[in-house]
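Colleague: Dropping a structure here in structure tokens format, bear with me for questions.
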Amino acid sequence: MRTVPAGAITAALRDLCITVNHRMGADMLAALERARAAEESEIGRAVLARLLENARVAREEWFPICQDTGTVVVFLDLGQDVHVDGGDLDKAIDEGVRRGYREGYLRASMVRGPLTRQNTGDNTPAIVYTRIVPGDRITLSVLAKGAGCDNMSRLAMLTPAEGREGVVEFVTRTIAEAGPNPSPPLIVGVGLGGTFEQAALLAKRALLRRVGDPSPEPDAAALEAELLRRINDLGIGPGGFGGRITALAVHVEQHPTHIASLPVAVNLDCHSHRAGQAVL
Amino acid sequence: MSAAPAVPPREAGDATPRALATPLARAEIERLHAGDEVLLSGVIYTARDAAHERLTRLLAAGDPLPVDLGGEIIYYCGPTPARPGRPIGSAGPTTASRMDPYTPALLEHGVRGMIGKGRRSAAVKDAIRRFGAVYFAAVEGTAALLGRCVRSAEVVAFPDLGAEAVYRLVVERFPVVVANDCHGGDVYEDGRAMFRR
């Protein structure tokens, strides 16, 4: 049994919150560069160039990439041979978020009651999904998730008869209806199968994949390619001003499901995609 | 004094950015067309969800607003906290459609312009035409660049709302695109139609 102090989790979370909000990942920068080379719309190319310039200024001058510094979504993979010592795990995570957002000059965007809406003042609590996995390590994967794109996300309980065609139609319609609102070009996470709630979680987890890496499953990879083509035929374009590149990538994650069910969830991430990982 | 040089007529969607000072005169707003790129300089006021709810409640009750918004531009923005020595942090636009239920009353009150991102409702587009206003789009993912255009920032109403308070911003060459003009033009509809397959 390996022991990890709770304070190490707090420190790692604090650093991740600050890093992902100021330093765009190399995968995302490369995807934006590819999009700029492929975009036919003049204003679309100008938007992509400004997004890349924004990423440079954010990194070099310590401005957050986006003013919506997001809800902190933590995917915690906890090795079964790890013992967390010296404090409550959930409190250690929230303390990391609290320090990261205060010390990093990041916006506090969480409200306590969904209807009463008092700001908690420090961007806590984080949204945490924990898995117990083999081994003696802790992996913290973090999304700083903007609300504008999360708000445009959708879930449908399709019937098996609707099948692949129904999935393609639903995902494409979700992006068409979202239009410019989720800040395209997008990363599109698709969760297919499982149950009602698991499809949504798969769609969110799909956003953690390195941008543009295809699924290792051939059928999912083929579906991703078709969805990307269909989405980019919509013409919404960078910033929604019209253009060829509405999505940078589509990531499909699948799971076994019931004989009666075909759940499909679409979780969108905006052109300020912020993701990072630490292994303890 | 010599006569001003003749200004060539502009095509709709002209890509050369036009520098404009706020507050915008009615005649200037009428010359704007969907797709025009504009660099705004001068005062603008931030307000997002919670501030809109309060402002329109005051208007409905016939009470005075804590800040005079007649002729002004509202920016749908909740900035990040300023680092020491800076007026503000990052300051990109939020989704405008959430402000749609409140917007016609504010335009009727005299607000001349809005800056945000994303589509507006039919009721808002109608009010933009009726009251001779303009809706500009900014790009959210350029929040750092937009924050750098802010010269000063001061909370002028609802300080208890934190990032959602009303700030008076002085901006310099703040880049926006005309999304909805007072003639019924819509950059999101036009742009998409051009590239749809």
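A note on labels: chains of the structure tokens are A, B, ... as shown, every chain counts residues from 1, and ligands are counted from 1 in their shown order.
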So which residues touch Arg48 of chain B within 7 Å, counting only C-alpha atoms, skipping near sequence neighbours fewer than 5 positions away, as a CSV table (one decimal) with N, CA and C atoms, in the first residue's frame?
Modeller:
chain,number,residue,atom,x,y,z
B,76,TYR,N,-22.1,42.1,-22.6
B,76,TYR,CA,-22.5,40.9,-21.9
B,76,TYR,C,-21.2,40.2,-21.5
B,77,CYS,N,-20.7,40.6,-20.3
B,77,CYS,CA,-19.3,40.1,-19.9
B,77,CYS,C,-19.2,40.0,-18.4
B,78,GLY,N,-18.6,38.9,-17.9
B,78,GLY,CA,-18.2,38.8,-16.5
B,78,GLY,C,-16.7,38.5,-16.5
B,164,GLU,N,-20.5,39.6,-11.8
B,164,GLU,CA,-21.7,39.9,-12.5
B,164,GLU,C,-22.1,41.4,-12.3
Colleague: Using only C-alpha atoms, select each residue of chain A with any atom at most 7 Å away from an atom of chain B, and give the selection as a PyMOL selection string.
Modeller: chain A and resi 50-51+54+57-58+63-67+105-107+148+180-181+183+233-236+239-244+271-272
Colleague: Which polymer residues have any atom within 8 Å of an atom of Gly189 of chain A, counting only C-alpha atoms, with same-chain residues fewer than 5 positions away left out, as an mmCIF file with N, CA and C atoms, in the first residue's frame?
Modeller:
data_model
loop_
_atom_site.group_PDB
_atom_site.id
_atom_site.type_symbol
_atom_site.label_atom_id
_atom_site.label_comp_id
_atom_site.auth_asym_id
_atom_site.auth_seq_id
_atom_site.Cartn_x
_atom_site.Cartn_y
_atom_site.Cartn_z
ATOM 1 N N LEU A 202 -20.000 9.552 -20.493
ATOM 2 C CA LEU A 202 -19.104 9.138 -21.579
ATOM 3 C C LEU A 202 -18.820 10.311 -22.512
ATOM 4 N N ALA A 203 -19.850 11.098 -22.785
ATOM 5 C CA ALA A 203 -19.687 12.246 -23.686
ATOM 6 C C ALA A 203 -18.721 13.264 -23.084
ATOM 7 N N LYS A 204 -18.825 13.471 -21.776
ATOM 8 C CA LYS A 204 -17.908 14.421 -21.122
ATOM 9 C C LYS A 204 -16.500 13.848 -21.106
ATOM 10 N N ARG A 205 -16.380 12.563 -20.778
ATOM 11 C CA ARG A 205 -15.063 11.931 -20.722
ATOM 12 C C ARG A 205 -14.392 11.947 -22.100
ATOM 13 N N ALA A 206 -15.206 11.880 -23.158
ATOM 14 C CA ALA A 206 -14.656 11.893 -24.524
ATOM 15 C C ALA A 206 -13.876 13.183 -24.796
ATOM 16 N N LEU A 207 -14.223 14.265 -24.065
ATOM 17 C CA LEU A 207 -13.536 15.546 -24.265
ATOM 18 C C LEU A 207 -12.099 15.514 -23.747
ATOM 19 N N VAL A 250 -14.428 15.135 -33.486
ATOM 20 C CA VAL A 250 -15.542 14.428 -32.850
ATOM 21 C C VAL A 250 -14.941 13.196 -32.172
ATOM 22 N N HIS A 251 -15.211 13.047 -30.881
ATOM 23 C CA HIS A 251 -14.716 11.898 -30.114
ATOM 24 C C HIS A 251 -15.910 11.069 -29.647
ATOM 25 N N VAL A 252 -15.979 9.813 -30.073
ATOM 26 C CA VAL A 252 -17.086 8.935 -29.681
ATOM 27 C C VAL A 252 -16.576 7.917 -28.663
ATOM 28 N N GLU A 253 -17.283 7.812 -27.549
ATOM 29 C CA GLU A 253 -17.001 6.766 -26.556
ATOM 30 C C GLU A 253 -18.242 5.880 -26.440
ATOM 31 N N VAL A 266 -24.518 14.240 -26.346
ATOM 32 C CA VAL A 266 -23.577 15.110 -27.060
ATOM 33 C C VAL A 266 -23.144 16.193 -26.085
ATOM 34 N N ASN A 267 -21.854 16.202 -25.737
ATOM 35 C CA ASN A 267 -21.320 17.249 -24.866
ATOM 36 C C ASN A 267 -20.331 18.079 -25.686
ATOM 37 N N LEU A 268 -20.577 19.381 -25.716
ATOM 38 C CA LEU A 268 -19.771 20.263 -26.561
ATOM 39 C C LEU A 268 -18.705 20.970 -25.743
ATOM 40 N N ASP A 269 -17.530 21.140 -26.341
ATOM 41 C CA ASP A 269 -16.537 22.022 -25.758
ATOM 42 C C ASP A 269 -16.158 23.065 -26.800
#
Colleague: Which neighbours of Gly86 of chain A fall inside 10 Å, counting only C-alpha atoms, when residues of the same chain fewer than 6 positions from it are skipped, and could you give them as a ChimeraX atom specification?
Modeller: /A:3-7,92
Colleague: Would you mind telling me which residue in B:Asp63, B:Thr56, B:Tyr75, B:Tyr45 lies nearest to Pro104 of chain B when using only C-alpha atoms?
Modeller: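 Result for the nearest residue to Pro104 of chain B: B:Thr56.
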Colleague: So which bits of segment 7-192 of chain B end up alpha helix (DSSP H) when you DSSP the backbone, as a ChimeraX atom specification?
Modeller: /B:26-30,49-61,103-109,122-131,143-148,187-192
Colleague: I'd like to know which of A:Thr257, A:Ser215, A:Ser153, A:Thr124 is closest to Ile93 of chain A, using only C-alpha atoms.
Modeller: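 Closest to Ile93 of chain A, using only C-alpha atoms: A:Thr124.
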Colleague: Output as a PyMOL selection string all residues of chain B that backbone DSSP marks as strand (DSSP E).
Modeller: chain B and resi 18-21+37-46+73-75+113-116+134-137+150-157+166-180
Colleague: Let's have the selection written as a short mmCIF file (atom, residue, chain, number, x, y, z; two decimals), in the first residue's frame, with N, CA and C atoms.
Modeller:
data_model
loop_
_atom_site.label_atom_id
_atom_site.label_comp_id
_atom_site.auth_asym_id
_atom_site.auth_seq_id
_atom_site.Cartn_x
_atom_site.Cartn_y
_atom_site.Cartn_z
N ARG B 18 -13.68 49.39 -39.11
CA ARG B 18 -13.99 50.82 -39.03
C ARG B 18 -13.86 51.24 -37.57
N ALA B 19 -13.12 52.29 -37.29
CA ALA B 19 -12.94 52.76 -35.92
C ALA B 19 -14.11 53.66 -35.55
N LEU B 20 -14.78 53.36 -34.44
CA LEU B 20 -15.92 54.18 -33.99
C LEU B 20 -15.75 54.51 -32.51
N ALA B 21 -16.19 55.74 -32.15
CA ALA B 21 -16.14 56.15 -30.75
C ALA B 21 -17.53 56.05 -30.14
N GLU B 37 -16.70 44.82 -39.73
CA GLU B 37 -15.81 44.75 -38.57
C GLU B 37 -15.61 46.16 -38.04
N VAL B 38 -15.71 46.30 -36.71
CA VAL B 38 -15.65 47.62 -36.07
C VAL B 38 -14.66 47.56 -34.91
N LEU B 39 -13.91 48.65 -34.72
CA LEU B 39 -13.05 48.80 -33.55
C LEU B 39 -13.65 49.90 -32.68
N LEU B 40 -14.17 49.52 -31.50
CA LEU B 40 -14.86 50.48 -30.64
C LEU B 40 -13.88 51.09 -29.64
N SER B 41 -13.99 52.40 -29.45
CA SER B 41 -13.21 53.08 -28.41
C SER B 41 -14.14 53.97 -27.60
N GLY B 42 -13.90 53.98 -26.28
CA GLY B 42 -14.75 54.80 -25.40
C GLY B 42 -15.35 53.97 -24.30
N VAL B 43 -16.47 54.48 -23.75
CA VAL B 43 -17.09 53.83 -22.59
C VAL B 43 -18.10 52.78 -23.04
N ILE B 44 -18.06 51.61 -22.40
CA ILE B 44 -19.13 50.61 -22.51
C ILE B 44 -19.41 50.09 -21.10
N TYR B 45 -20.60 49.51 -20.90
CA TYR B 45 -20.98 49.02 -19.57
C TYR B 45 -21.22 47.53 -19.62
N THR B 46 -20.65 46.78 -18.66
CA THR B 46 -20.93 45.35 -18.61
C THR B 46 -22.24 45.10 -17.86
N ILE B 73 -23.80 51.48 -24.66
CA ILE B 73 -23.62 50.11 -25.15
C ILE B 73 -23.43 49.19 -23.95
N ILE B 74 -24.17 48.08 -23.93
CA ILE B 74 -24.04 47.08 -22.87
C ILE B 74 -23.22 45.92 -23.40
N TYR B 75 -22.24 45.50 -22.60
CA TYR B 75 -21.38 44.37 -22.95
C TYR B 75 -21.72 43.19 -22.04
N GLY B 113 -26.78 49.90 -28.04
CA GLY B 113 -26.01 48.80 -28.59
C GLY B 113 -25.73 47.74 -27.56
N MET B 114 -25.40 46.54 -28.06
CA MET B 114 -25.06 45.41 -27.20
C MET B 114 -23.88 44.69 -27.83
N ILE B 115 -23.05 44.10 -26.96
CA ILE B 115 -21.95 43.25 -27.43
C ILE B 115 -22.10 41.90 -26.73
N GLY B 116 -22.07 40.83 -27.50
CA GLY B 116 -22.18 39.49 -26.92
C GLY B 116 -21.72 38.46 -27.92
N VAL B 134 -28.05 48.32 -32.40
CA VAL B 134 -27.14 47.40 -33.08
C VAL B 134 -26.65 46.37 -32.08
N TYR B 135 -26.49 45.13 -32.56
CA TYR B 135 -25.92 44.06 -31.74
C TYR B 135 -24.61 43.63 -32.38
N PHE B 136 -23.53 43.79 -31.61
CA PHE B 136 -22.20 43.39 -32.07
C PHE B 136 -21.84 42.02 -31.50
N ALA B 137 -21.11 41.23 -32.29
CA ALA B 137 -20.55 39.97 -31.78
C ALA B 137 -19.06 40.15 -31.54
N VAL B 150 -8.95 46.91 -22.68
CA VAL B 150 -9.62 47.68 -21.62
C VAL B 150 -8.60 48.58 -20.93
N ARG B 151 -8.86 49.89 -20.96
CA ARG B 151 -7.94 50.86 -20.34
C ARG B 151 -8.26 51.10 -18.88
N SER B 152 -9.55 51.09 -18.53
CA SER B 152 -9.93 51.23 -17.11
C SER B 152 -11.24 50.51 -16.87
N ALA B 153 -11.43 50.09 -15.63
CA ALA B 153 -12.63 49.36 -15.24
C ALA B 153 -13.02 49.80 -13.84
N GLU B 154 -14.33 50.07 -13.66
CA GLU B 154 -14.80 50.57 -12.37
C GLU B 154 -16.21 50.00 -12.16
N VAL B 155 -16.45 49.43 -10.98
CA VAL B 155 -17.79 48.93 -10.68
C VAL B 155 -18.70 50.12 -10.41
N VAL B 156 -19.82 50.21 -11.15
CA VAL B 156 -20.71 51.36 -10.96
C VAL B 156 -22.10 50.95 -10.46
N ALA B 157 -22.38 49.64 -10.40
CA ALA B 157 -23.66 49.21 -9.85
C ALA B 157 -23.59 47.74 -9.44
N VAL B 166 -22.12 45.55 -12.56
CA VAL B 166 -22.03 46.43 -13.74
C VAL B 166 -20.72 47.22 -13.64
N TYR B 167 -19.85 47.02 -14.64
CA TYR B 167 -18.57 47.75 -14.72
C TYR B 167 -18.69 48.81 -15.80
N ARG B 168 -18.11 49.96 -15.53
CA ARG B 168 -17.91 50.97 -16.58
C ARG B 168 -16.51 50.74 -17.12
N LEU B 169 -16.42 50.33 -18.38
CA LEU B 169 -15.14 50.06 -19.01
C LEU B 169 -14.81 51.17 -19.99
N VAL B 170 -13.55 51.57 -20.02
CA VAL B 170 -13.07 52.40 -21.12
C VAL B 170 -12.21 51.49 -22.00
N VAL B 171 -12.64 51.34 -23.25
CA VAL B 171 -11.93 50.43 -24.15
C VAL B 171 -11.29 51.20 -25.29
N GLU B 172 -10.27 50.58 -25.88
CA GLU B 172 -9.56 51.20 -27.00
C GLU B 172 -9.42 50.18 -28.12
N ARG B 173 -9.96 50.51 -29.26
CA ARG B 173 -9.89 49.65 -30.45
C ARG B 173 -10.29 48.21 -30.11
N PHE B 174 -11.49 48.10 -29.56
CA PHE B 174 -12.05 46.83 -29.10
C PHE B 174 -12.75 46.18 -30.30
N PRO B 175 -12.24 45.01 -30.77
CA PRO B 175 -12.73 44.46 -32.05
C PRO B 175 -14.06 43.70 -31.94
N VAL B 176 -15.03 44.12 -32.74
CA VAL B 176 -16.34 43.46 -32.79
C VAL B 176 -16.79 43.36 -34.25
N VAL B 177 -17.80 42.53 -34.47
CA VAL B 177 -18.40 42.37 -35.80
C VAL B 177 -19.88 42.72 -35.66
N VAL B 178 -20.43 43.46 -36.61
CA VAL B 178 -21.87 43.75 -36.55
C VAL B 178 -22.62 42.44 -36.80
N ALA B 179 -23.36 41.97 -35.80
CA ALA B 179 -24.10 40.71 -35.94
C ALA B 179 -25.53 40.98 -36.42
N ASN B 180 -26.23 41.88 -35.75
CA ASN B 180 -27.57 42.29 -36.18
C ASN B 180 -27.60 43.80 -36.34
#
